[in-house]
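S.K.: Below are the structure tokens for one structure; questions will follow.
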Protein chains: 2
Amino acid sequence: MSEKPYHHGALEAALMDAALDFVQTSGIEALTLRDLARTLGVSPSAVYRHFPSRDHLVSRVSQAARESLADALLEARNAVISNGRAKRRSVERFEAIGRAYVVFATQHPSLFAAAFALCDVPPAAEDNPSAWSVLVDSVEEMVVSQAIPASRRADAPIIAWAGVHGLANILTASIWPKGYAFDNEIDAVVTGISRAIS
Amino acid sequence: MSEKPYHHGALEAALMDAALDFVQTSGIEALTLRDLARTLGVSPSAVYRHFPSRDHLVSRVSQAARESLADALLEARNAVISNGRAKRRSVERFEAIGRAYVVFATQHPSLFAAAFALCDVPPAAEDNPSAWSVLVDSVEEMVVSQAIPASRRADAPIIAWAGVHGLANILTASIWPKGYAFDNEIDAVVTGISRAIS
DNA sequence: CCGAATATGTGAACACTGTCAACATTTATG
DNA sequence: CATAAATGTTGACAGTGTTCACATATTCGG
């Protein structure tokens, strides 16, 4: 019943939650330690009991964003219901992952930007499950189902990642060229990738 | 012979030059008005006689970076010497542009990041010649030379841009997945794009 | 169960930043 | 030439990350 306990109890988790909330609405570069502390009713220096610096906090947020992205990809992959053969299903899963990548970026632009914001502090060692591994696994599934030739096993992941990552950046960074309206860039790029790796 | 003339004379140009220099070595987010003024031997508020705010300065730097990129693309395009027919030459030019995009990013990572750093201040209206128009023109050249079907006229530019832009970001943002060494990602992606739009 | 070690939070400071208002000086203009 | 405009300076303000000394709560060995 005490109004203000001296100790918060779970400041670290609360900081991460609040930081993620803030980033989603205002972007990661607008994230401020003092703002964070203010919204949690805590003094600014309290943050330093849980994070050595703002950059470390940002790095953790970035890592959480990458995990959200990877989760979204896995979810999209598993949502594919295909009655066809393994060959067809592997392609449908692959394209679902690609679409989900871009959709995640457009639906959570600030989070996506935060996920790949370069930070001086290196991310934690164990950064799985990563979006990259989801992609690589999907490519491998296509290879074994003979949807794509085995000779593309090495190239396909980077080709696919470059395509969806580039489109995601273009769509979210507000650098779309003037005068070029486009109906469904996502379809164009995803099917383009499929052709590129076939 | 006076040591310190009260008026600098060409502060705006000097500011742009110094800012571009600084960005190339330290990145655009480390750019500081006070640092800039210090290196030019000028008071911080002098900057405000030429730029309404730091964001406007950053926006101008970003624009200059985009122009540098576009110049590099045009140069690479024009450096292609092809004795073959127009068809073959158009493809070679297109791939040269794609390679130059990624090479520019890897050789000037900070400049590339600055070029597409999102800024609140919208860029100036006349933003030509842009990398995008170079790409679109190249695609059109391939269409008229019948190197690619006309039906791909609409899709090809965004497919190509997404591919090279994505690879450029991946290579420069230090987000390359651990354990995946790769010989020539650029070749893989550029030739992949060519297949995708054929 | 108690006292000490440890974990966690506070308050006041420091250097730094972008920005602005008032003032100074140089240049341009009628 | 006088006056207006352009350009630079000084000093301030609020806000930031960070640190240090201190306060309080929790945990743990005896």
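Convention: chains lettered A, B, ... in structure tokens order; per-chain residue numbering from 1; ligands numbered from 1 as shown.
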May I ask you to extract the residues of chain C within 10 Å of chain A, using only C-alpha atoms (C1' of nucleotides), and to give them as a PDB file with N, CA and C atoms (P, O5', C5', C4', C3', O3' and C1' of nucleotides), in the first residue's frame?
M.R.:
ATOM      1  P    DA C   7      26.193  -7.536  -5.273  1.00  0.00           P
ATOM      2  O5'  DA C   7      24.715  -6.960  -5.497  1.00  0.00           O
ATOM      3  C5'  DA C   7      23.624  -7.703  -4.968  1.00  0.00           C
ATOM      4  C4'  DA C   7      22.389  -6.816  -4.908  1.00  0.00           C
ATOM      5  C3'  DA C   7      22.138  -5.990  -6.170  1.00  0.00           C
ATOM      6  O3'  DA C   7      20.761  -6.120  -6.505  1.00  0.00           O
ATOM      7  C1'  DA C   7      22.174  -4.574  -4.280  1.00  0.00           C
ATOM      8  P    DT C   8      20.239  -5.650  -7.916  1.00  0.00           P
ATOM      9  O5'  DT C   8      19.614  -4.216  -7.595  1.00  0.00           O
ATOM     10  C5'  DT C   8      18.537  -4.149  -6.691  1.00  0.00           C
ATOM     11  C4'  DT C   8      18.342  -2.726  -6.235  1.00  0.00           C
ATOM     12  C3'  DT C   8      18.131  -1.698  -7.353  1.00  0.00           C
ATOM     13  O3'  DT C   8      16.834  -1.186  -7.232  1.00  0.00           O
ATOM     14  C1'  DT C   8      19.535  -0.877  -5.638  1.00  0.00           C
ATOM     15  P    DG C   9      16.255  -0.188  -8.383  1.00  0.00           P
ATOM     16  O5'  DG C   9      16.319   1.255  -7.700  1.00  0.00           O
ATOM     17  C5'  DG C   9      15.427   1.552  -6.621  1.00  0.00           C
ATOM     18  C4'  DG C   9      15.828   2.857  -5.968  1.00  0.00           C
ATOM     19  C3'  DG C   9      15.810   4.077  -6.895  1.00  0.00           C
ATOM     20  O3'  DG C   9      14.981   5.087  -6.347  1.00  0.00           O
ATOM     21  C1'  DG C   9      17.834   3.975  -5.668  1.00  0.00           C
ATOM     22  P    DT C  10      14.835   6.501  -7.072  1.00  0.00           P
ATOM     23  O5'  DT C  10      15.845   7.389  -6.214  1.00  0.00           O
ATOM     24  C5'  DT C  10      15.639   7.506  -4.818  1.00  0.00           C
ATOM     25  C4'  DT C  10      16.466   8.661  -4.273  1.00  0.00           C
ATOM     26  C3'  DT C  10      16.366   9.954  -5.082  1.00  0.00           C
ATOM     27  O3'  DT C  10      16.127  11.018  -4.184  1.00  0.00           O
ATOM     28  C1'  DT C  10      18.645   9.331  -4.830  1.00  0.00           C
ATOM     29  P    DG C  11      15.638  12.443  -4.739  1.00  0.00           P
ATOM     30  O5'  DG C  11      16.908  13.379  -4.522  1.00  0.00           O
ATOM     31  C5'  DG C  11      17.885  13.047  -3.563  1.00  0.00           C
ATOM     32  C4'  DG C  11      19.009  14.059  -3.622  1.00  0.00           C
ATOM     33  C3'  DG C  11      18.761  15.271  -4.516  1.00  0.00           C
ATOM     34  O3'  DG C  11      19.162  16.449  -3.844  1.00  0.00           O
ATOM     35  C1'  DG C  11      20.640  14.048  -5.330  1.00  0.00           C
TER      36       DG C  11
END
S.K.: So which residues touch segment 74-79 of chain A within 8 Å, counting only C-alpha atoms (C1' of nucleotides), skipping near sequence neighbours fewer than 4 positions away, as a VMD selection string?
M.R.: chain A and resid 70 93 to 94 96 to 97 100 134
S.K.: Could the residues in this selection be written to a file with C-alpha atoms, as a compact mmCIF listing (two decimals), in the first residue's frame?
M.R.:
# COMPACT_ATOMS: atom_id res chain seq x y z
CA ALA A 70 12.60 -13.40 -36.25
CA ARG A 93 7.06 -20.94 -47.00
CA PHE A 94 10.06 -19.13 -48.42
CA ALA A 96 5.82 -16.12 -46.89
CA ILE A 97 8.98 -15.40 -44.94
CA ALA A 100 6.59 -11.15 -43.59
CA VAL A 134 15.16 -18.67 -40.52
S.K.: Would you mind listing, as a list in words, all residues of chain D that have at least one atom within 9 Å of chain B, where only C-alpha atoms (C1' of nucleotides) are what counts?
M.R.: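 For chain D, the answer reads DA6, DT7, DG8 and DT9 of chain D.
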S.K.: How close does each residue of chain B get to chain A, giving the shortest atom pair and distance in Å to one decimal for every residue with an atom at most 10 Å away, counting only C-alpha atoms, sorted by chain and residue number, as CSV?
M.R.:
residue,atom,partner,partner_atom,distance
B:Glu29,CA,A:Glu29,CA,9.5
B:Ala115,CA,A:Ile175,CA,9.9
B:Phe116,CA,A:Ile175,CA,7.2
B:Ala117,CA,A:Ala173,CA,7.5
B:Leu118,CA,A:Ala173,CA,5.9
B:Cys119,CA,A:Ala173,CA,9.1
B:Pro122,CA,A:Ser174,CA,9.7
B:Pro123,CA,A:Ile175,CA,9.9
B:Ala125,CA,A:Lys178,CA,9.9
B:Asp127,CA,A:Lys178,CA,10.0
B:Ser130,CA,A:Pro177,CA,8.9
B:Ala131,CA,A:Pro177,CA,9.7
B:Trp132,CA,A:Pro177,CA,7.0
B:Ser133,CA,A:Pro177,CA,8.8
B:Arg152,CA,A:Ala188,CA,9.7
B:Ala154,CA,A:Phe182,CA,8.5
B:Asp155,CA,A:Ala188,CA,5.9
B:Ala156,CA,A:Ala188,CA,8.4
B:Ile158,CA,A:Glu185,CA,7.2
B:Ile159,CA,A:Val189,CA,5.2
B:Ala160,CA,A:Gly163,CA,8.3
B:Trp161,CA,A:Gly166,CA,7.4
B:Ala162,CA,A:Gly166,CA,4.2
B:Gly163,CA,A:Gly163,CA,4.3
B:Val164,CA,A:Ala162,CA,7.0
B:His165,CA,A:Gly166,CA,4.9
B:Gly166,CA,A:Gly166,CA,3.3
B:Leu167,CA,A:Ala162,CA,4.7
B:Ala168,CA,A:Ala162,CA,8.2
B:Asn169,CA,A:Gly166,CA,7.4
B:Ile170,CA,A:Ala162,CA,7.3
B:Leu171,CA,A:Ala162,CA,9.7
B:Thr172,CA,A:Leu118,CA,9.2
B:Ala173,CA,A:Leu118,CA,5.8
B:Ser174,CA,A:Leu118,CA,7.1
B:Ile175,CA,A:Phe116,CA,7.2
B:Trp176,CA,A:Trp132,CA,9.2
B:Pro177,CA,A:Trp132,CA,7.0
B:Lys178,CA,A:Trp132,CA,9.8
B:Tyr180,CA,A:Ala154,CA,9.7
B:Phe182,CA,A:Ala154,CA,8.6
B:Asn184,CA,A:Asp155,CA,9.5
B:Glu185,CA,A:Ile158,CA,7.2
B:Ile186,CA,A:Ile159,CA,9.4
B:Asp187,CA,A:Asp155,CA,9.5
B:Ala188,CA,A:Asp155,CA,5.9
B:Val189,CA,A:Ile159,CA,5.2
B:Val190,CA,A:Ile159,CA,8.8
B:Thr191,CA,A:Ala196,CA,8.2
B:Gly192,CA,A:Ala196,CA,4.8
B:Ile193,CA,A:Ala196,CA,6.3
B:Ser194,CA,A:Ala196,CA,7.7
B:Arg195,CA,A:Ala196,CA,5.1
B:Ala196,CA,A:Ala196,CA,4.5
B:Ile197,CA,A:Gly192,CA,6.9
B:Ser198,CA,A:Arg195,CA,9.0
S.K.: Near DA22 of chain C, within 12 Å and counting only C-alpha atoms (C1' of nucleotides), which residues show up once chain neighbours fewer than 6 positions away are dropped, as a list in words?
M.R.: DT9, DT10, DG11 and DA12 of chain D
S.K.: Running DSSP on the backbone, which parts of segment 22-192 of chain B land in alpha helix (DSSP H), as number ranges by chain?
M.R.: B: 22-26, 33-39, 54-79, 86-107, 109-115, 131-144, 155-172, 185-192
S.K.: Neighbours of Tyr48 of chain B within 12 Å (only C-alpha atoms (C1' of nucleotides); same-chain residues fewer than 6 positions away dropped), as a list of chain:residue names?
M.R.: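 So the residues in contact are B:Leu11, B:Glu12, B:Leu15, B:Leu33, B:Arg34, B:Ala37, B:Val42, B:Arg54, B:Asp55, B:His56, B:Leu57, C:DG18, C:DT19, C:DC20, D:DT7, D:DG8.
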S.K.: Would you pick out the contacts of Gln146 of chain B at 12 Å or less, using only C-alpha atoms (C1' of nucleotides), so that residues sharing its chain but fewer than 2 positions from it are not included, and give the list as an MDAnalysis selection string?
M.R.: chainID B and resid 85:91 139:144 148:153 198
S.K.: Need the shell around DC2 of chain C: protein/DNA/RNA residues with any atom at most 12 Å away, counting only C-alpha atoms (C1' of nucleotides). Skip same-chain ones fewer than 3 positions apart. Format as an NGL selection string?
M.R.: :D and (28-30)
S.K.: Pull N, CA and C atoms (P, O5', C5', C4', C3', O3' and C1' of nucleotides) from the residues just selected and write them as a PDB file, in the first residue's frame.
M.R.:
ATOM      1  P    DC D  28      20.851 -14.674  -0.604  1.00  0.00           P
ATOM      2  O5'  DC D  28      22.243 -14.851   0.163  1.00  0.00           O
ATOM      3  C5'  DC D  28      23.043 -13.680   0.430  1.00  0.00           C
ATOM      4  C4'  DC D  28      24.029 -13.972   1.553  1.00  0.00           C
ATOM      5  C3'  DC D  28      24.007 -15.406   2.084  1.00  0.00           C
ATOM      6  O3'  DC D  28      25.307 -15.739   2.541  1.00  0.00           O
ATOM      7  C1'  DC D  28      23.386 -13.958   3.807  1.00  0.00           C
ATOM      8  P    DG D  29      25.709 -17.253   2.744  1.00  0.00           P
ATOM      9  O5'  DG D  29      26.782 -17.177   3.920  1.00  0.00           O
ATOM     10  C5'  DG D  29      27.841 -16.206   3.863  1.00  0.00           C
ATOM     11  C4'  DG D  29      28.307 -15.871   5.267  1.00  0.00           C
ATOM     12  C3'  DG D  29      28.651 -17.078   6.145  1.00  0.00           C
ATOM     13  O3'  DG D  29      29.726 -16.726   7.011  1.00  0.00           O
ATOM     14  C1'  DG D  29      26.823 -15.923   7.101  1.00  0.00           C
ATOM     15  P    DG D  30      30.441 -17.777   7.884  1.00  0.00           P
ATOM     16  O5'  DG D  30      29.892 -17.521   9.342  1.00  0.00           O
ATOM     17  C5'  DG D  30      30.406 -16.431  10.125  1.00  0.00           C
ATOM     18  C4'  DG D  30      29.553 -16.288  11.401  1.00  0.00           C
ATOM     19  C3'  DG D  30      29.456 -17.568  12.231  1.00  0.00           C
ATOM     20  O3'  DG D  30      30.438 -17.509  13.285  1.00  0.00           O
ATOM     21  C1'  DG D  30      27.324 -16.484  11.993  1.00  0.00           C
TER      22       DG D  30
END
